[in-house]
Amino acid sequence: MPQDLSITGWDNNPLGAETMPTLTTVAVDHERLGKRAVQRLLAELNGTPAPEDDSLLTRAIWRESTAPRDGFDPR
């Protein structure tokens, strides 16, 4: 791995940085996710438009468990 198989984790568990090879993962901004959910819920309950926020709540953390595809290296 990753010559034959690329593996990606989810939620950026700290253990992924300690494994061999280190695990590529996706980090989730839980605080902003919760805040956005509450804002939408309150807007729905109050009959008002939900605030628009299209910003990303996730980001990829590239590590050794994924190989570049066709020469593309995201790092």
# chains A, B, ... in the order shown; residues from 1 in each chain; ligands from 1
>>> residues_around(residues="range 53-55 of chain A", least_positions_apart="5", cutoff="12 Å", atoms="only C-alpha atoms", output="NGL selection string")
:A and (29 or 32-33 or 35-37 or 39-40)
>>> write_last_selection(atoms="N, CA, C and O atoms", output="compact mmCIF listing (two decimals), in the first residue's frame")
# COMPACT_ATOMS: atom_id res chain seq x y z
N ASP A 29 -14.82 20.08 10.45
CA ASP A 29 -14.93 21.15 11.43
C ASP A 29 -16.26 20.99 12.16
O ASP A 29 -17.28 21.56 11.76
N ARG A 32 -18.11 24.29 13.52
CA ARG A 32 -18.84 25.04 12.50
C ARG A 32 -20.03 24.25 11.98
O ARG A 32 -21.08 24.83 11.66
N LEU A 33 -19.91 22.94 11.88
CA LEU A 33 -21.02 22.11 11.43
C LEU A 33 -22.19 22.24 12.39
O LEU A 33 -23.34 22.43 11.98
N LYS A 35 -22.75 24.71 14.57
CA LYS A 35 -23.25 26.09 14.54
C LYS A 35 -24.16 26.29 13.34
O LYS A 35 -25.24 26.89 13.46
N ARG A 36 -23.74 25.78 12.20
CA ARG A 36 -24.56 25.92 10.99
C ARG A 36 -25.90 25.20 11.15
O ARG A 36 -26.95 25.72 10.76
N ALA A 37 -25.88 24.02 11.76
CA ALA A 37 -27.12 23.27 11.96
C ALA A 37 -28.08 24.03 12.89
O ALA A 37 -29.29 24.10 12.63
N GLN A 39 -28.15 27.28 13.46
CA GLN A 39 -28.65 28.46 12.76
C GLN A 39 -29.78 28.10 11.80
O GLN A 39 -30.79 28.81 11.73
N ARG A 40 -29.64 27.00 11.10
CA ARG A 40 -30.70 26.58 10.17
C ARG A 40 -31.95 26.15 10.91
O ARG A 40 -33.07 26.44 10.49
>>> residues_around(residues="Ile61 in chain A", least_positions_apart="6", cutoff="6 Å", atoms="only C-alpha atoms", output="list in words")
Thr24, Thr25 and Val26 of chain A
>>> write_last_selection(atoms="N, CA, C and O atoms", output="short mmCIF file (atom, residue, chain, number, x, y, z; two decimals), in the first residue's frame")
data_model
loop_
_atom_site.label_atom_id
_atom_site.label_comp_id
_atom_site.auth_asym_id
_atom_site.auth_seq_id
_atom_site.Cartn_x
_atom_site.Cartn_y
_atom_site.Cartn_z
N THR A 24 -4.14 8.84 5.05
CA THR A 24 -4.81 10.01 4.49
C THR A 24 -6.21 10.06 5.08
O THR A 24 -6.86 9.03 5.26
N THR A 25 -6.69 11.26 5.38
CA THR A 25 -7.98 11.37 6.05
C THR A 25 -8.69 12.65 5.66
O THR A 25 -8.14 13.50 4.95
N VAL A 26 -9.90 12.80 6.12
CA VAL A 26 -10.69 14.01 5.93
C VAL A 26 -10.99 14.57 7.31
O VAL A 26 -11.50 13.86 8.18
#
>>> select_by_dssp(residues="chain A", states="strand (DSSP E)", output="ChimeraX atom specification")
/A:25-28,58-61
>>> closest_atom_pairs(of="range 33-64 of chain A", to="range 8-16 of chain A", cutoff="10 Å", atoms="only C-alpha atoms", output="CSV")
residue,atom,partner,partner_atom,distance
A:Thr58,CA,A:Asp11,CA,8.9
A:Arg59,CA,A:Asn12,CA,9.7
A:Ala60,CA,A:Asn12,CA,9.0
A:Ile61,CA,A:Asn12,CA,7.8
A:Trp62,CA,A:Thr8,CA,8.9
A:Arg63,CA,A:Gly16,CA,9.0
A:Glu64,CA,A:Thr8,CA,9.8
>>> atom_distance(atom1="CA of Ala27 in chain A", atom2="CA of Leu42 in chain A")
26.2 Å
>>> select_by_dssp(residues="chain A", states="helix (DSSP H, G or I)", output="JSON, numbers by chain")
{"A": [14, 15, 16, 17, 30, 31, 32, 33, 34, 35, 36, 37, 38, 39, 40, 41, 42, 43, 44, 45, 46]}
>>> atom_distance(atom1="CA of Gly47 in chain A", atom2="CA of His30 in chain A")
25.5 Å
>>> closest_residue(among="A:Glu44, A:Ser65, A:Pro51, A:Leu57", to="Thr22 in chain A", atoms="only C-alpha atoms")
A:Ser65
>>> closest_residue(among="A:Ala67, A:Leu23, A:Glu52, A:Asn46", to="Gln3 in chain A", atoms="only C-alpha atoms")
A:Ala67
>>> atom_distance(atom1="CA of Val28 in chain A", atom2="CA of Leu5 in chain A")
23.9 Å
>>> closest_residue(among="A:Val38, A:Pro68, A:Glu31, A:Met20", to="Ala50 in chain A", atoms="only C-alpha atoms")
A:Val38
